[in-house]
>>> print(open('coords.cif').read())   # mmCIF, C-alpha atoms
data_query
#
loop_
_atom_site.label_atom_id
_atom_site.label_comp_id
_atom_site.auth_asym_id
_atom_site.auth_seq_id
_atom_site.Cartn_x
_atom_site.Cartn_y
_atom_site.Cartn_z
CA MET A 1465 113.66 373.52 122.55
CA SER A 1466 111.71 373.06 119.36
CA SER A 1467 109.97 369.75 118.71
CA ASN A 1468 110.63 370.17 115.01
CA PRO A 1469 112.86 367.24 114.05
CA ARG A 1470 114.84 369.59 111.81
CA HIS A 1471 116.24 371.15 114.97
CA ASP A 1472 116.49 367.98 116.99
CA PRO A 1473 120.04 367.88 118.42
CA ARG A 1474 119.91 364.06 118.32
CA ARG A 1475 119.40 364.19 114.59
CA PRO A 1476 122.34 362.54 112.79
CA ALA A 1477 124.52 365.18 111.19
CA GLU A 1478 124.94 365.47 107.45
CA SER A 1479 127.67 363.11 106.38
CA VAL A 1480 129.99 363.78 103.45
CA VAL A 1481 131.86 360.84 101.93
CA PRO A 1482 134.57 361.81 99.42
CA ILE A 1483 134.58 359.38 96.50
CA SER A 1484 137.82 358.66 94.65
CA SER A 1485 138.39 354.91 94.90
CA SER A 1486 136.33 351.74 94.97
CA ALA A 1487 136.93 351.42 98.73
CA ASP A 1488 135.04 354.74 99.10
CA ILE A 1489 132.02 353.11 97.43
CA VAL A 1490 131.92 350.57 100.27
CA THR A 1491 132.33 353.33 102.89
CA ALA A 1492 129.51 355.41 101.36
CA ARG A 1493 127.01 352.58 101.26
CA GLN A 1494 127.87 351.42 104.79
CA ARG A 1495 127.39 354.96 106.17
CA GLY A 1496 124.16 355.33 104.20
CA ARG A 1497 122.88 352.04 105.50
CA ALA A 1498 123.71 353.06 109.10
CA LEU A 1499 121.91 356.40 108.68
CA ALA A 1500 118.89 354.69 107.11
CA ALA A 1501 118.76 352.20 110.00
CA ALA A 1502 118.95 355.10 112.49
CA LEU A 1503 115.99 356.72 110.71
CA GLY A 1504 113.92 353.54 111.10
CA PHE A 1505 114.33 351.86 107.72
CA ALA A 1506 114.50 348.06 107.89
CA GLY A 1507 114.80 344.91 105.81
CA SER A 1508 114.87 345.25 102.05
CA ASP A 1509 114.68 349.09 102.26
CA LEU A 1510 118.16 349.13 103.82
CA THR A 1511 119.49 346.98 100.99
CA VAL A 1512 117.73 349.10 98.36
CA ILE A 1513 119.20 352.32 99.82
CA ALA A 1514 122.72 350.83 100.07
CA THR A 1515 122.48 349.53 96.50
CA ALA A 1516 121.38 352.94 95.17
CA ILE A 1517 124.32 354.63 96.97
CA SER A 1518 126.66 352.03 95.49
CA GLU A 1519 125.46 352.73 91.94
CA LEU A 1520 125.66 356.52 92.40
CA ALA A 1521 129.19 356.32 93.85
CA ARG A 1522 130.20 353.99 91.03
CA ASN A 1523 128.95 356.50 88.45
CA ILE A 1524 131.21 359.14 90.04
CA ILE A 1525 134.27 356.87 89.77
CA GLU A 1526 133.46 355.78 86.20
CA TYR A 1527 132.59 359.14 84.69
CA ALA A 1528 134.18 361.84 86.86
CA ALA A 1529 136.94 359.97 88.77
CA THR A 1530 136.26 361.97 91.95
CA GLY A 1531 133.31 363.53 93.72
CA GLU A 1532 131.30 363.14 96.90
CA ILE A 1533 128.23 361.51 98.35
CA VAL A 1534 126.33 363.60 100.90
CA LEU A 1535 123.97 361.73 103.21
CA SER A 1536 121.34 363.56 105.24
CA GLN A 1537 117.77 363.29 106.45
CA ASP A 1538 114.64 365.18 105.56
CA ASP A 1539 111.04 364.97 106.64
CA VAL A 1540 107.70 365.86 105.16
CA ASP A 1541 104.77 366.15 107.56
CA GLY A 1542 106.75 364.25 110.18
CA ARG A 1543 107.54 361.40 107.81
CA PRO A 1544 111.32 360.96 107.79
CA GLY A 1545 113.35 360.14 104.75
CA ILE A 1546 116.94 359.74 103.68
CA VAL A 1547 118.49 362.14 101.19
CA ILE A 1548 121.45 361.07 99.09
CA VAL A 1549 123.24 363.62 96.94
CA ALA A 1550 125.95 362.45 94.53
CA ARG A 1551 128.01 365.37 93.27
CA ASP A 1552 130.92 365.55 90.86
CA GLU A 1553 132.73 368.12 88.74
CA GLY A 1554 133.26 365.70 85.89
CA PRO A 1555 132.46 366.06 82.18
CA GLY A 1556 128.69 366.18 82.78
CA ILE A 1557 126.04 364.24 80.90
CA PRO A 1558 125.36 365.71 77.43
CA ASP A 1559 121.93 364.07 77.11
CA VAL A 1560 120.29 363.51 80.50
CA SER A 1561 117.04 362.05 79.16
CA ARG A 1562 119.01 359.49 77.16
CA ALA A 1563 121.09 358.60 80.25
CA LEU A 1564 117.83 357.93 82.08
CA SER A 1565 116.50 355.53 79.46
CA ALA A 1566 117.03 351.88 80.40
CA GLY A 1567 119.91 350.19 78.67
CA PHE A 1568 121.85 353.34 77.89
CA SER A 1569 125.41 353.56 79.13
CA THR A 1570 128.70 354.87 77.87
CA GLY A 1571 130.59 353.18 80.69
CA PRO A 1572 131.54 349.56 81.36
CA GLY A 1573 128.48 348.91 83.55
CA LEU A 1574 125.24 347.20 82.62
CA GLY A 1575 123.57 350.42 81.51
CA LEU A 1576 121.32 350.23 84.55
CA GLY A 1577 122.95 352.92 86.67
CA LEU A 1578 120.68 355.95 86.69
CA PRO A 1579 117.39 354.33 85.55
CA GLY A 1580 118.01 351.59 88.11
CA VAL A 1581 118.59 354.09 90.91
CA ARG A 1582 115.43 355.97 89.89
CA ARG A 1583 113.44 352.72 90.23
CA LEU A 1584 114.95 351.99 93.65
CA MET A 1585 114.18 355.41 95.19
CA ASP A 1586 111.04 357.52 95.72
CA ASP A 1587 112.31 360.89 94.42
CA PHE A 1588 114.97 361.44 91.80
CA GLU A 1589 116.44 364.72 90.52
CA ILE A 1590 119.41 365.28 88.27
CA THR A 1591 121.18 368.40 87.07
CA SER A 1592 124.10 368.17 84.73
CA GLU A 1593 126.07 370.70 82.80
CA SER A 1594 128.51 369.78 80.08
CA GLY A 1595 132.04 370.37 81.35
CA ARG A 1596 130.81 371.45 84.81
CA GLY A 1597 129.65 368.28 86.47
CA THR A 1598 126.61 366.33 87.60
CA THR A 1599 124.50 366.33 90.76
CA VAL A 1600 122.02 363.55 91.41
CA SER A 1601 119.67 363.90 94.42
CA VAL A 1602 117.51 361.00 95.51
CA ARG A 1603 115.18 360.47 98.47
CA LYS A 1604 113.44 357.56 100.04
CA TRP A 1605 110.68 358.03 102.62
CA LEU A 1606 110.05 355.77 105.56
CA PRO A 1607 107.13 353.50 104.64
CA MET B 535 139.85 341.59 102.90
CA ARG B 536 140.76 338.82 100.49
CA ALA B 537 138.12 336.09 100.26
CA PRO B 538 139.64 332.75 101.34
CA ILE B 539 139.35 329.79 98.96
CA LEU B 540 139.02 326.36 100.55
CA LYS B 541 139.70 323.16 98.65
CA GLN B 542 137.22 320.38 99.42
CA SER B 543 137.90 317.21 97.39
CA GLN B 544 137.21 318.14 93.75
CA TYR B 545 135.60 321.49 94.56
CA LEU B 546 136.76 324.97 95.56
CA ILE B 547 134.71 326.99 98.02
CA ALA B 548 135.21 330.76 98.04
CA SER B 549 133.61 332.13 101.13
CA ILE B 550 133.24 335.91 101.06
CA GLN B 551 133.79 337.15 104.64
CA SER B 552 132.96 340.87 104.43
CA ALA B 553 131.95 343.59 101.99
CA LEU B 554 134.39 343.44 99.09
CA SER B 555 135.83 346.39 97.21
CA ASP B 556 135.97 346.12 93.42
CA GLU B 557 139.67 345.24 93.55
CA GLU B 558 139.04 342.45 96.06
CA LEU B 559 136.31 340.99 93.86
CA LEU B 560 138.63 341.08 90.83
CA GLN B 561 141.31 339.44 93.00
CA LEU B 562 138.85 336.63 93.78
CA ARG B 563 138.24 336.21 90.03
CA ASP B 564 141.96 335.85 89.36
CA ASP B 565 142.53 333.55 92.37
CA LEU B 566 139.70 331.21 91.29
CA ALA B 567 140.77 331.08 87.64
CA ARG B 568 144.27 330.09 88.82
CA ASP B 569 143.25 327.65 91.58
CA VAL B 570 140.76 325.74 89.43
CA GLY B 571 143.73 324.70 87.26
CA ARG B 572 146.18 324.24 90.14
CA TYR B 573 143.86 321.82 91.97
CA ARG B 574 142.15 320.41 88.84
CA SER B 575 138.81 321.29 90.42
CA ARG B 576 135.50 320.26 88.85
CA GLY B 577 133.37 322.85 90.57
CA VAL B 578 133.44 326.18 92.38
CA ILE B 579 131.07 327.53 95.00
CA ILE B 580 131.02 331.26 95.74
CA ASP B 581 129.27 331.95 99.03
CA VAL B 582 127.87 335.52 99.08
CA THR B 583 125.80 335.11 102.27
CA VAL B 584 127.47 338.07 104.02
CA LEU B 585 127.03 340.49 101.12
CA ASP B 586 124.36 343.06 101.92
CA VAL B 587 124.65 344.69 98.50
CA MET B 588 125.02 343.23 95.02
CA ASP B 589 125.33 346.17 92.68
CA SER B 590 125.89 346.16 88.92
CA PHE B 591 129.65 345.71 89.27
CA ALA B 592 129.35 342.75 91.66
CA VAL B 593 126.81 341.02 89.42
CA ARG B 594 128.84 341.64 86.27
CA THR B 595 132.00 340.31 87.95
CA LEU B 596 130.27 337.19 89.32
CA ARG B 597 128.97 336.46 85.80
CA ALA B 598 132.47 336.92 84.40
CA ILE B 599 133.91 334.59 87.05
CA ALA B 600 131.37 331.86 86.26
CA HIS B 601 132.06 332.14 82.52
CA MET B 602 135.82 332.01 83.06
CA ILE B 603 135.52 328.97 85.33
CA ARG B 604 133.41 327.22 82.67
CA LEU B 605 136.09 327.94 80.08
CA ARG B 606 138.53 326.29 82.51
CA GLY B 607 136.35 323.16 82.51
CA ALA B 608 134.52 323.52 85.83
CA GLU B 609 131.08 324.60 87.02
CA THR B 610 130.22 327.49 89.34
CA VAL B 611 127.35 327.82 91.79
CA ILE B 612 126.61 331.10 93.60
CA VAL B 613 125.08 330.44 97.01
CA GLY B 614 123.59 332.57 99.77
CA ILE B 615 121.97 335.51 97.97
CA GLN B 616 119.86 337.04 100.75
CA ALA B 617 116.15 337.72 100.24
CA GLU B 618 116.65 341.51 100.57
CA VAL B 619 119.53 341.44 98.10
CA ALA B 620 117.44 339.43 95.61
CA PHE B 621 114.66 342.02 95.98
CA ALA B 622 117.01 344.95 95.27
CA MET B 623 118.61 343.10 92.33
CA VAL B 624 115.23 342.53 90.70
CA GLN B 625 114.25 346.18 91.22
CA LEU B 626 117.53 347.30 89.71
CA GLY B 627 117.07 344.92 86.76
CA LEU B 628 120.18 342.83 87.53
CA THR B 629 120.21 339.16 86.51
CA LEU B 630 122.74 336.35 86.79
CA GLU B 631 121.39 334.94 83.49
CA ASP B 632 122.66 331.38 83.03
CA ILE B 633 124.63 331.20 86.29
CA THR B 634 123.54 328.44 88.67
CA THR B 635 122.44 329.61 92.11
CA ALA B 636 121.50 327.69 95.24
CA LEU B 637 120.06 328.65 98.61
CA ASP B 638 123.08 327.76 100.75
CA LEU B 639 126.36 325.83 100.81
CA GLU B 640 124.66 322.46 101.31
CA GLU B 641 122.35 322.96 98.32
CA GLY B 642 125.26 324.29 96.29
CA LEU B 643 127.34 321.15 96.92
CA ALA B 644 124.37 318.95 95.96
CA CYS B 645 123.99 321.02 92.79
CA LEU B 646 127.66 320.56 91.84
CA ASN B 647 127.49 316.82 92.56
CA ARG B 648 124.59 316.51 90.11
CA GLN B 649 126.30 318.67 87.46
CA VAL B 650 129.63 316.86 87.70
CA ALA B 651 127.92 313.44 87.64
CA GLY B 652 125.92 314.58 84.59
CA ALA B 653 129.08 315.71 82.80
CA ARG B 654 130.65 312.30 83.41
CA HIS B 655 127.70 310.53 81.75
CA VAL B 656 128.13 312.69 78.65
CA GLN B 657 131.81 311.73 78.30
#
>>> encode(input="coords.cif", output="structure tokens")
Amino acid sequence: MSSNPRHDPRRPAESVVPISSSADIVTARQRGRALAAALGFAGSDLTVIATAISELARNIIEYAATGEIVLSQDDVDGRPGIVIVARDEGPGIPDVSRALSAGFSTGPGLGLGLPGVRRLMDDFEITSESGRGTTVSVRKWLP
Amino acid sequence: MRAPILKQSQYLIASIQSALSDEELLQLRDDLARDVGRYRSRGVIIDVTVLDVMDSFAVRTLRAIAHMIRLRGAETVIVGIQAEVAFAMVQLGLTLEDITTALDLEEGLACLNRQVAGARHVQ
């Protein structure tokens, strides 16, 4: 059996949380927190990860109504990390760079959604196509 | 799960027992706005000790609750924000602005006693 953690059978499986109601936001962040704890995250990192998942799931509800949060793990040079992908087939974001500037929001939130999530996590990627949907991928590495 | 509201003399204590969905938090807002009139309360304490996440919606709703309670003639103190939650809130850029906070229930009650006593002197 390979020692590569990518093939470790004990590795927690990828977890998909469908998002269509505010109760799903709670489910997504609780599952994310549990996965992060299993990976070795502790203390304020667990809260930061759960908060980022909450904001990403909330964006799905506010802008696309439905979508999904996919939770998985990754590792670079043996350093584990949590990967959170928020995917929807909503209207898309016409101006991504504007959506990433602090204070910008078209929704009822505080305008902190995406820039806030970017501050909370280590890696942040977004692809969005008008009329096709938005995918936000974020990672946090174990300190 | 609906957050129970306890009446203790002239105060109401809303003790959040588990992670709340958005609807449950809005329900708490409506319950408090109603009960503060029903019991002629002078102060409200919202205990968020069990919350492991305070995201933008939770913070915005708590601010709205405190402003509504003030319009109803009472003061609100949020107690029990955990250290990790405070850390994530600051990183996310979330603030409670002019809302009074206290470390725990005991400090929150002391805070309300001072505020209510102060309001009486003004009258």
>>> interface_residues(input="coords.cif", of="chain A", to="chain B", cutoff="10 Å", atoms="all atoms listed in the file", output="number ranges by chain")
A: 1485-1491, 1493-1494, 1497, 1507-1519, 1522, 1566, 1572-1584
>>> write_last_selection(input="coords.cif", atoms="C-alpha atoms", output="compact mmCIF listing (two decimals), keeping the file's coordinate frame")
# COMPACT_ATOMS: atom_id res chain seq x y z
CA SER A 1485 138.39 354.91 94.90
CA SER A 1486 136.33 351.74 94.97
CA ALA A 1487 136.93 351.42 98.73
CA ASP A 1488 135.04 354.74 99.10
CA ILE A 1489 132.02 353.11 97.43
CA VAL A 1490 131.92 350.57 100.27
CA THR A 1491 132.33 353.33 102.89
CA ARG A 1493 127.01 352.58 101.26
CA GLN A 1494 127.87 351.42 104.79
CA ARG A 1497 122.88 352.04 105.50
CA GLY A 1507 114.80 344.91 105.81
CA SER A 1508 114.87 345.25 102.05
CA ASP A 1509 114.68 349.09 102.26
CA LEU A 1510 118.16 349.13 103.82
CA THR A 1511 119.49 346.98 100.99
CA VAL A 1512 117.73 349.10 98.36
CA ILE A 1513 119.20 352.32 99.82
CA ALA A 1514 122.72 350.83 100.07
CA THR A 1515 122.48 349.53 96.50
CA ALA A 1516 121.38 352.94 95.17
CA ILE A 1517 124.32 354.63 96.97
CA SER A 1518 126.66 352.03 95.49
CA GLU A 1519 125.46 352.73 91.94
CA ARG A 1522 130.20 353.99 91.03
CA ALA A 1566 117.03 351.88 80.40
CA PRO A 1572 131.54 349.56 81.36
CA GLY A 1573 128.48 348.91 83.55
CA LEU A 1574 125.24 347.20 82.62
CA GLY A 1575 123.57 350.42 81.51
CA LEU A 1576 121.32 350.23 84.55
CA GLY A 1577 122.95 352.92 86.67
CA LEU A 1578 120.68 355.95 86.69
CA PRO A 1579 117.39 354.33 85.55
CA GLY A 1580 118.01 351.59 88.11
CA VAL A 1581 118.59 354.09 90.91
CA ARG A 1582 115.43 355.97 89.89
CA ARG A 1583 113.44 352.72 90.23
CA LEU A 1584 114.95 351.99 93.65
>>> atom_distance(input="coords.cif", atom1="CA of Gly1496 in chain A", atom2="CA of Lys1604 in chain A")
11.7 Å
>>> closest_residue(input="coords.cif", among="B:Ala548, B:Asp632, B:Asp569, B:Gly642", to="His601 in chain B", atoms="only C-alpha atoms")
B:Asp632
>>> residues_around(input="coords.cif", residues="Thr610 in chain B", least_positions_apart="5", cutoff="12 Å", atoms="only C-alpha atoms", output="PyMOL selection string")
chain B and resi 545-548+563+566-567+570+575-581+596-605+630+632-636+642-643+645-647+649-650
>>> closest_residue(input="coords.cif", among="B:Gln544, B:Val611, B:Arg568, B:Thr629", to="Ala592 in chain B", atoms="only C-alpha atoms")
B:Thr629
>>> atom_distance(input="coords.cif", atom1="CA of Ile1590 in chain A", atom2="CA of Ala1528 in chain A")
15.2 Å
>>> resolve_selection(input="coords.cif", expression="the PyMOL selection byres ((chain A and resi 1598-1601) around 7)", output="list of chain:residue names")
A:Ile1548, A:Val1549, A:Ala1550, A:Arg1551, A:Asp1552, A:Glu1553, A:Gly1554, A:Gly1556, A:Phe1588, A:Glu1589, A:Ile1590, A:Thr1591, A:Ser1592, A:Glu1593, A:Gly1597, A:Val1602, A:Arg1603
>>> write_last_selection(input="coords.cif", atoms="C-alpha atoms", output="PDB file, in the coordinates of the input")
ATOM      1  CA  ILE A1548     121.450 361.070  99.090  1.00  0.00           C
ATOM      2  CA  VAL A1549     123.240 363.620  96.940  1.00  0.00           C
ATOM      3  CA  ALA A1550     125.950 362.450  94.530  1.00  0.00           C
ATOM      4  CA  ARG A1551     128.010 365.370  93.270  1.00  0.00           C
ATOM      5  CA  ASP A1552     130.920 365.550  90.860  1.00  0.00           C
ATOM      6  CA  GLU A1553     132.730 368.120  88.740  1.00  0.00           C
ATOM      7  CA  GLY A1554     133.260 365.700  85.890  1.00  0.00           C
ATOM      8  CA  GLY A1556     128.690 366.180  82.780  1.00  0.00           C
ATOM      9  CA  PHE A1588     114.970 361.440  91.800  1.00  0.00           C
ATOM     10  CA  GLU A1589     116.440 364.720  90.520  1.00  0.00           C
ATOM     11  CA  ILE A1590     119.410 365.280  88.270  1.00  0.00           C
ATOM     12  CA  THR A1591     121.180 368.400  87.070  1.00  0.00           C
ATOM     13  CA  SER A1592     124.100 368.170  84.730  1.00  0.00           C
ATOM     14  CA  GLU A1593     126.070 370.700  82.800  1.00  0.00           C
ATOM     15  CA  GLY A1597     129.650 368.280  86.470  1.00  0.00           C
ATOM     16  CA  VAL A1602     117.510 361.000  95.510  1.00  0.00           C
ATOM     17  CA  ARG A1603     115.180 360.470  98.470  1.00  0.00           C
TER      18      ARG A1603
END
>>> residues_around(input="coords.cif", residues="range 1529-1539 of chain A", least_positions_apart="4", cutoff="7 Å", atoms="only C-alpha atoms", output="ChimeraX atom specification")
/A:1477-1484,1492,1496,1521,1524-1525,1543-1553
>>> atom_distance(input="coords.cif", atom1="CA of Leu1520 in chain A", atom2="CA of Val1560 in chain A")
14.8 Å
>>> residues_around(input="coords.cif", residues="Val582 in chain B", least_positions_apart="2", cutoff="7 Å", atoms="only C-alpha atoms", output="PyMOL selection string")
chain B and resi 549-550+580+584-585+613-615
